[in-house]
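Asker: Enclosed is the structure file structure.txt (compact mmCIF, C-alpha atoms).
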# COMPACT_ATOMS: atom_id res chain seq x y z
CA ALA B 119 -98.33 -16.77 31.43
CA GLN B 120 -97.92 -17.02 35.15
CA SER B 121 -95.47 -19.44 36.70
CA VAL B 122 -93.83 -20.30 40.00
CA THR B 123 -90.32 -21.64 40.45
CA GLN B 124 -89.10 -23.13 43.70
CA LEU B 125 -85.34 -23.42 43.73
CA GLY B 126 -84.21 -26.62 45.36
CA SER B 127 -86.51 -29.62 45.50
CA HIS B 128 -84.79 -30.75 48.71
CA VAL B 129 -83.39 -28.60 51.49
CA SER B 130 -81.71 -29.93 54.62
CA VAL B 131 -80.95 -27.88 57.71
CA SER B 132 -79.86 -28.57 61.25
CA GLU B 133 -82.23 -28.07 64.13
CA GLY B 134 -81.93 -24.47 65.28
CA ALA B 135 -80.54 -23.23 61.95
CA LEU B 136 -82.11 -20.70 59.62
CA VAL B 137 -84.65 -22.03 57.15
CA LEU B 138 -84.73 -20.37 53.72
CA LEU B 139 -86.99 -21.75 50.99
CA ARG B 140 -86.88 -19.90 47.70
CA CYS B 141 -89.78 -18.97 45.46
CA ASN B 142 -89.76 -16.84 42.33
CA TYR B 143 -92.83 -16.05 40.30
CA SER B 144 -93.83 -14.45 37.06
CA SER B 145 -97.12 -12.62 36.79
CA SER B 146 -98.59 -10.08 34.41
CA VAL B 147 -100.66 -8.56 37.20
CA PRO B 148 -99.93 -7.64 40.84
CA PRO B 149 -99.67 -11.07 42.40
CA TYR B 150 -101.39 -12.71 45.28
CA LEU B 151 -98.82 -15.13 46.70
CA PHE B 152 -99.16 -18.07 49.05
CA TRP B 153 -97.05 -20.58 50.95
CA TYR B 154 -98.57 -23.88 51.97
CA VAL B 155 -97.14 -26.72 54.06
CA GLN B 156 -97.89 -30.42 53.68
CA TYR B 157 -97.01 -32.95 56.34
CA PRO B 158 -96.70 -36.60 55.27
CA ASN B 159 -99.95 -38.14 54.09
CA GLN B 160 -101.94 -35.02 54.89
CA GLY B 161 -103.58 -32.22 52.96
CA LEU B 162 -102.02 -28.80 52.47
CA GLN B 163 -102.29 -26.09 55.10
CA LEU B 164 -101.96 -22.38 54.44
CA LEU B 165 -98.82 -20.95 56.08
CA LEU B 166 -99.13 -17.35 54.96
CA LYS B 167 -100.27 -15.11 52.13
CA TYR B 168 -99.42 -11.81 50.50
CA THR B 169 -102.11 -9.74 48.86
CA THR B 170 -101.40 -6.02 49.23
CA GLY B 171 -99.81 -3.74 51.82
CA ALA B 172 -96.90 -4.75 54.02
CA THR B 173 -94.38 -6.76 52.05
CA LEU B 174 -93.20 -8.78 55.05
CA VAL B 175 -95.91 -11.20 56.04
CA LYS B 176 -95.95 -13.42 59.08
CA GLY B 177 -97.56 -16.80 59.18
CA ILE B 178 -98.12 -19.70 61.47
CA ASN B 179 -95.39 -21.69 63.23
CA GLY B 180 -92.91 -18.79 63.18
CA PHE B 181 -92.59 -18.59 59.40
CA GLU B 182 -92.49 -15.35 57.45
CA ALA B 183 -92.01 -14.34 53.84
CA GLU B 184 -91.06 -11.14 52.10
CA PHE B 185 -92.54 -10.00 48.81
CA LYS B 186 -89.87 -8.36 46.66
CA LYS B 187 -91.37 -7.01 43.48
CA SER B 188 -88.02 -6.01 41.95
CA GLU B 189 -86.77 -9.56 42.36
CA THR B 190 -90.13 -11.24 41.68
CA SER B 191 -89.48 -13.30 44.78
CA PHE B 192 -91.43 -14.50 47.80
CA HIS B 193 -88.92 -16.49 49.86
CA LEU B 194 -90.00 -18.26 53.03
CA THR B 195 -87.88 -18.03 56.16
CA LYS B 196 -87.81 -19.14 59.76
CA PRO B 197 -85.01 -18.08 62.11
CA SER B 198 -84.66 -21.39 63.92
CA ALA B 199 -85.71 -24.74 62.51
CA HIS B 200 -87.54 -27.27 64.62
CA MET B 201 -87.80 -30.97 63.98
CA SER B 202 -91.54 -30.56 63.49
CA ASP B 203 -90.90 -28.26 60.48
CA ALA B 204 -89.90 -31.25 58.35
CA ALA B 205 -92.49 -31.25 55.57
CA GLU B 206 -93.15 -30.34 51.94
CA TYR B 207 -93.58 -26.64 51.22
CA PHE B 208 -95.41 -25.23 48.21
CA CYS B 209 -95.40 -21.71 46.84
CA ALA B 210 -98.34 -20.56 44.71
CA VAL B 211 -99.59 -17.48 42.86
CA LYS B 212 -103.23 -16.71 42.15
CA GLY B 213 -104.28 -16.87 38.56
CA ALA B 214 -104.87 -13.51 36.88
CA GLY B 215 -108.29 -11.86 36.69
CA ASN B 216 -111.29 -14.05 37.38
CA ASN B 217 -109.15 -17.18 37.14
CA ARG B 218 -110.13 -19.44 40.03
CA LYS B 219 -106.91 -21.43 39.92
CA LEU B 220 -103.65 -21.24 41.79
CA ILE B 221 -100.40 -21.70 39.90
CA TRP B 222 -98.20 -24.00 41.98
CA GLY B 223 -94.50 -24.53 42.35
CA LEU B 224 -93.23 -28.10 42.39
CA GLY B 225 -92.56 -28.01 46.10
CA THR B 226 -89.52 -28.14 48.36
CA SER B 227 -89.00 -30.96 50.79
CA LEU B 228 -87.47 -29.70 54.03
CA ALA B 229 -85.49 -32.09 56.22
CA VAL B 230 -84.42 -31.04 59.70
CA ASN B 231 -81.47 -32.88 61.18
CA PRO B 232 -80.91 -33.22 64.93
CA SER L 1 -116.48 -22.40 60.67
CA GLN L 2 -115.89 -24.19 57.40
CA THR L 3 -114.76 -27.78 57.16
CA ILE L 4 -113.96 -30.08 54.28
CA HIS L 5 -114.42 -33.82 54.38
CA GLN L 6 -112.80 -36.22 51.98
CA TRP L 7 -113.12 -40.00 51.98
CA PRO L 8 -111.94 -42.64 52.01
CA ALA L 9 -108.48 -41.95 53.43
CA THR L 10 -106.94 -44.93 51.65
CA LEU L 11 -108.15 -47.12 48.84
CA VAL L 12 -106.70 -50.13 47.05
CA GLN L 13 -108.39 -50.99 43.78
CA PRO L 14 -107.65 -53.48 40.99
CA VAL L 15 -106.94 -52.28 37.47
CA GLY L 16 -110.16 -51.92 35.50
CA SER L 17 -112.38 -51.33 38.52
CA PRO L 18 -114.50 -48.19 38.96
CA LEU L 19 -113.66 -45.32 41.29
CA SER L 20 -115.69 -42.85 43.27
CA LEU L 21 -114.10 -40.36 45.67
CA GLU L 22 -116.31 -37.92 47.49
CA CYS L 23 -115.65 -34.50 48.95
CA THR L 24 -118.06 -32.32 50.88
CA VAL L 25 -117.72 -28.86 52.35
CA GLU L 26 -119.63 -27.50 55.34
CA GLY L 27 -120.16 -23.99 56.58
CA THR L 28 -120.06 -22.10 53.30
CA SER L 29 -122.18 -21.59 50.21
CA ASN L 30 -121.29 -21.60 46.53
CA PRO L 31 -117.64 -22.54 47.03
CA ASN L 32 -115.20 -23.15 44.23
CA LEU L 33 -114.18 -26.81 44.38
CA TYR L 34 -111.02 -28.51 43.15
CA TRP L 35 -109.57 -31.99 42.64
CA TYR L 36 -105.79 -32.36 42.60
CA ARG L 37 -103.50 -35.34 42.21
CA GLN L 38 -100.01 -35.79 43.60
CA ALA L 39 -97.91 -38.56 42.13
CA ALA L 40 -95.09 -39.83 44.30
CA GLY L 41 -92.35 -37.21 44.66
CA ARG L 42 -94.06 -34.74 42.36
CA GLY L 43 -96.03 -31.54 42.73
CA LEU L 44 -99.73 -30.81 42.58
CA GLN L 45 -101.61 -31.42 39.36
CA LEU L 46 -104.99 -29.74 39.06
CA LEU L 47 -107.45 -32.23 37.59
CA PHE L 48 -110.83 -30.47 37.78
CA TYR L 49 -112.38 -27.40 39.25
CA SER L 50 -115.94 -26.21 39.59
CA VAL L 51 -117.43 -22.77 40.22
CA GLY L 52 -121.00 -24.01 40.59
CA ILE L 53 -123.41 -26.95 40.42
CA GLY L 54 -122.96 -28.84 37.18
CA GLN L 55 -120.07 -26.61 36.07
CA ILE L 56 -116.88 -28.63 35.68
CA SER L 57 -113.63 -27.54 34.07
CA SER L 58 -111.19 -30.26 33.13
CA GLU L 59 -107.54 -29.39 33.18
CA VAL L 60 -105.95 -32.46 31.65
CA PRO L 61 -107.30 -35.21 29.40
CA GLN L 62 -107.36 -38.42 31.34
CA ASN L 63 -109.23 -41.42 32.56
CA LEU L 64 -111.10 -39.51 35.26
CA SER L 65 -114.24 -37.39 35.44
CA ALA L 66 -115.77 -35.11 38.05
CA SER L 67 -119.29 -34.14 38.98
CA ARG L 68 -120.91 -31.62 41.28
CA PRO L 69 -124.43 -32.82 42.00
CA GLN L 70 -124.94 -30.45 44.93
CA ASP L 71 -123.51 -27.08 45.89
CA ARG L 72 -121.04 -28.45 48.42
CA GLN L 73 -120.39 -31.92 47.01
CA PHE L 74 -117.67 -32.80 44.53
CA ILE L 75 -117.13 -36.32 43.22
CA LEU L 76 -114.18 -37.77 41.33
CA SER L 77 -114.91 -40.86 39.27
CA SER L 78 -113.49 -43.35 36.85
CA LYS L 79 -115.19 -46.15 34.97
CA LYS L 80 -112.00 -48.23 34.66
CA LEU L 81 -108.91 -47.50 36.70
CA LEU L 82 -105.41 -47.65 35.21
CA LEU L 83 -102.16 -48.31 37.04
CA SER L 84 -101.18 -44.71 36.30
CA ASP L 85 -104.17 -43.47 38.31
CA SER L 86 -102.37 -44.33 41.54
CA GLY L 87 -101.52 -41.33 43.65
CA PHE L 88 -102.63 -39.00 46.41
CA TYR L 89 -105.87 -37.19 45.60
CA LEU L 90 -106.71 -33.93 47.27
CA CYS L 91 -109.95 -32.02 47.32
CA ALA L 92 -109.94 -28.30 48.05
CA TRP L 93 -112.37 -25.42 48.26
CA SER L 94 -112.13 -21.65 48.05
CA ALA L 95 -114.67 -18.92 48.68
CA SER L 96 -116.22 -17.22 45.68
CA GLY L 97 -114.45 -13.89 45.50
CA ASP L 98 -111.13 -12.51 44.48
CA LEU L 99 -108.59 -13.86 46.93
CA ASN L 100 -108.89 -17.58 46.12
CA ILE L 101 -107.31 -18.99 49.26
CA GLN L 102 -107.70 -22.74 48.90
CA TYR L 103 -108.41 -25.04 51.84
CA PHE L 104 -107.60 -28.70 51.52
CA GLY L 105 -109.05 -31.98 52.67
CA ALA L 106 -106.92 -34.68 54.24
CA GLY L 107 -106.48 -36.55 50.96
CA THR L 108 -107.09 -40.05 49.63
CA ARG L 109 -104.20 -42.42 48.94
CA LEU L 110 -105.23 -44.53 45.93
CA SER L 111 -103.25 -47.59 44.96
CA VAL L 112 -104.23 -49.31 41.75
CA LEU L 113 -102.84 -52.85 41.54
As structure tokens, what does this structure read like?

Answerer:
Amino acid sequence: AQSVTQLGSHVSVSEGALVLLRCNYSSSVPPYLFWYVQYPNQGLQLLLKYTTGATLVKGINGFEAEFKKSETSFHLTKPSAHMSDAAEYFCAVKGAGNNRKLIWGLGTSLAVNP
Amino acid sequence: SQTIHQWPATLVQPVGSPLSLECTVEGTSNPNLYWYRQAAGRGLQLLFYSVGIGQISSEVPQNLSASRPQDRQFILSSKKLLLSDSGFYLCAWSASGDLNIQYFGAGTRLSVL
């Protein structure tokens, strides 16, 4: 069965510091992987996705993630945190085959301190 | 371009009252549609999804039901709300096809008192 694990339900960084949010997955098929962001009391917004090809994918707001098959990881990074990055971040993997679902991690809440 | 509308934004309902939340999508045809719930401080729980009119898959047994009366309309209902139904409800859509990128509405904050 497919699953997604996000290490660390809460991450706190200083403004200007590196952001690293961890995501590991298990999948029986080549995965499609996603990162979404949710600001307070809003819906989720797609940050970036990996399907095939280049393993380093760039998204909106300066975020990027690297697909590492050997580590079954898809960690999200941003070189310099901004106060506006404070939000909940979700990692997800597409269900196998014709499955129309996404398998979601539990989310990581990012706090950015001045 | 495609847009998704979800209403109301907030709702306060007494225990035992009925519920109807509506979601509509514009600018696409035959979308896959989803209802999720977020309880406070917890992740996303998929409640229902639909791949076509009248086709509803239920993910968890519960007090809620869903219907898809039109191609781009998805309704979440309850006959009698429970306290445990409180939460943040999100509607989402994805294009029919392989990639399954999901696009979310703004959500409805439901408080059952």

Asker: Name all residues at most 9 Å from range 201-205 of chain B (count all atoms listed in the file; drop same-chain ones fewer than 2 positions away) and give them as a list in words.

Answerer: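 Once the nearby chain positions are removed, what remains is Ser132, Glu133, Gly134, Val155, Gln156, Tyr157, Pro158, Asn179, Ala199, Tyr207, Thr226, Ser227, Leu228, Ala229, Val230, Asn231 and Pro232 of chain B.
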
Asker: Any idea what the distance is between CA of Gln163 in chain B and CA of Asn100 in chain L?

Answerer: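 Atom-to-atom, CA of Gln163 in chain B and CA of Asn100 in chain L are spaced 14.0 Å apart.
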
Asker: Any chance you could tabulate, as a Markdown table, the residues of chain L at most 12 Å from chain B with each one's nearest atom pair and distance in Å to one decimal, using only C-alpha atoms, in chain and rising number order?

Answerer:
| residue | atom | partner | partner_atom | distance |
| --- | --- | --- | --- | --- |
| L:Ile4 | CA | B:Gly161 | CA | 10.7 |
| L:His5 | CA | B:Gly161 | CA | 11.0 |
| L:Gln6 | CA | B:Gly161 | CA | 10.1 |
| L:Ala9 | CA | B:Asn159 | CA | 9.4 |
| L:Thr10 | CA | B:Asn159 | CA | 10.0 |
| L:Pro31 | CA | B:Arg218 | CA | 10.7 |
| L:Asn32 | CA | B:Arg218 | CA | 7.6 |
| L:Leu33 | CA | B:Arg218 | CA | 9.5 |
| L:Tyr34 | CA | B:Lys219 | CA | 8.8 |
| L:Trp35 | CA | B:Lys219 | CA | 11.2 |
| L:Tyr36 | CA | B:Gly161 | CA | 10.6 |
| L:Arg37 | CA | B:Gly161 | CA | 11.2 |
| L:Gln38 | CA | B:Leu224 | CA | 10.3 |
| L:Ala39 | CA | B:Leu224 | CA | 11.5 |
| L:Ala40 | CA | B:Asn159 | CA | 11.1 |
| L:Gly41 | CA | B:Gly225 | CA | 9.3 |
| L:Arg42 | CA | B:Leu224 | CA | 6.7 |
| L:Gly43 | CA | B:Leu224 | CA | 4.4 |
| L:Leu44 | CA | B:Trp222 | CA | 7.0 |
| L:Gln45 | CA | B:Trp222 | CA | 8.6 |
| L:Leu46 | CA | B:Lys219 | CA | 8.6 |
| L:Leu47 | CA | B:Lys219 | CA | 11.1 |
| L:Phe48 | CA | B:Lys219 | CA | 10.1 |
| L:Tyr49 | CA | B:Lys219 | CA | 8.1 |
| L:Ser50 | CA | B:Arg218 | CA | 8.9 |
| L:Val51 | CA | B:Arg218 | CA | 8.0 |
| L:Gly52 | CA | B:Arg218 | CA | 11.8 |
| L:Ser57 | CA | B:Arg218 | CA | 10.6 |
| L:Ser58 | CA | B:Lys219 | CA | 11.9 |
| L:Glu59 | CA | B:Lys219 | CA | 10.4 |
| L:Gly87 | CA | B:Asn159 | CA | 11.0 |
| L:Phe88 | CA | B:Asn159 | CA | 8.2 |
| L:Tyr89 | CA | B:Gly161 | CA | 9.2 |
| L:Leu90 | CA | B:Gly161 | CA | 6.7 |
| L:Cys91 | CA | B:Gly161 | CA | 8.5 |
| L:Ala92 | CA | B:Gly161 | CA | 8.9 |
| L:Trp93 | CA | B:Arg218 | CA | 10.4 |
| L:Ser94 | CA | B:Arg218 | CA | 8.6 |
| L:Ala95 | CA | B:Arg218 | CA | 9.8 |
| L:Ser96 | CA | B:Arg218 | CA | 8.6 |
| L:Gly97 | CA | B:Asn216 | CA | 8.7 |
| L:Asp98 | CA | B:Asn216 | CA | 7.3 |
| L:Leu99 | CA | B:Tyr150 | CA | 7.5 |
| L:Asn100 | CA | B:Arg218 | CA | 6.5 |
| L:Ile101 | CA | B:Leu164 | CA | 8.2 |
| L:Gln102 | CA | B:Leu164 | CA | 8.0 |
| L:Tyr103 | CA | B:Gln163 | CA | 7.0 |
| L:Phe104 | CA | B:Gly161 | CA | 5.5 |
| L:Gly105 | CA | B:Gly161 | CA | 5.5 |
| L:Ala106 | CA | B:Gly161 | CA | 4.3 |
| L:Gly107 | CA | B:Gly161 | CA | 5.6 |
| L:Thr108 | CA | B:Asn159 | CA | 8.6 |
| L:Arg109 | CA | B:Asn159 | CA | 7.9 |
| L:Leu110 | CA | B:Asn159 | CA | 11.6 |

Asker: In Å, with one decimal, what is the gap from CA of Pro149 in chain B to CA of Val129 in chain B?

Answerer: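 Separation between CA of Pro149 in chain B and CA of Val129 in chain B: 25.6 Å.
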
Asker: Which value, in Å to one decimal, gives the distance between CA of Ser86 in chain L and CA of Val112 in chain L?

Answerer: 5.3 Å

Asker: Let me make sure I understand: among B:Ala119, B:Leu136, B:Val147, B:Cys141, which one has the smallest atom-to-atom distance to Phe181 in chain B if we use all atoms listed in the file?

Answerer: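 Nearest candidate to Phe181 in chain B out of B:Ala119, B:Leu136, B:Val147, B:Cys141: B:Leu136.
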
Asker: Extract, using only C-alpha atoms, all DNA, RNA and protein residues at most 9 Å from Ile53 in chain L, discarding same-chain residues fewer than 2 positions from it, and format them as a list in words.

Answerer: Asn30, Ser50, Val51, Gln55, Ile56, Ser67, Arg68, Pro69, Gln70, Asp71, Arg72 and Gln73 of chain L

Asker: Nearest to Lys186 in chain B: which of B:Asn142, B:Trp153, B:Leu165, B:Cys209 is it, counting only C-alpha atoms?

Answerer: B:Asn142

Asker: Can you work out which one of B:Val131, B:Leu194, B:Ala210, B:Val122 has the shortest atom-to-atom distance to Gly180 in chain B, counting all atoms listed in the file?

Answerer: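 Closest residue, counting all atoms listed in the file: B:Leu194.
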
Asker: Need to verify the contact set: Ser144 in chain B, 7 Å, only C-alpha atoms, exclusion of same-chain residues closer than 4 positions in sequence. Can you return it as a PyMOL selection string?

Answerer: chain B and resi 120-122+190

Asker: At a cut-off of 9 Å around the point (-85.5, -19.1, 49.0) (file coordinates), what residues fall inside when counting all atoms listed in the file? I'd like the answer as a list in words.

Answerer: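 All residues meeting the 9 Å criterion around (-85.5, -19.1, 49.0) are Gln124, Leu125, Gly126, Val137, Leu138, Leu139, Arg140, Cys141, Asn142, Ser191, Phe192, His193, Leu194 and Thr195 of chain B.
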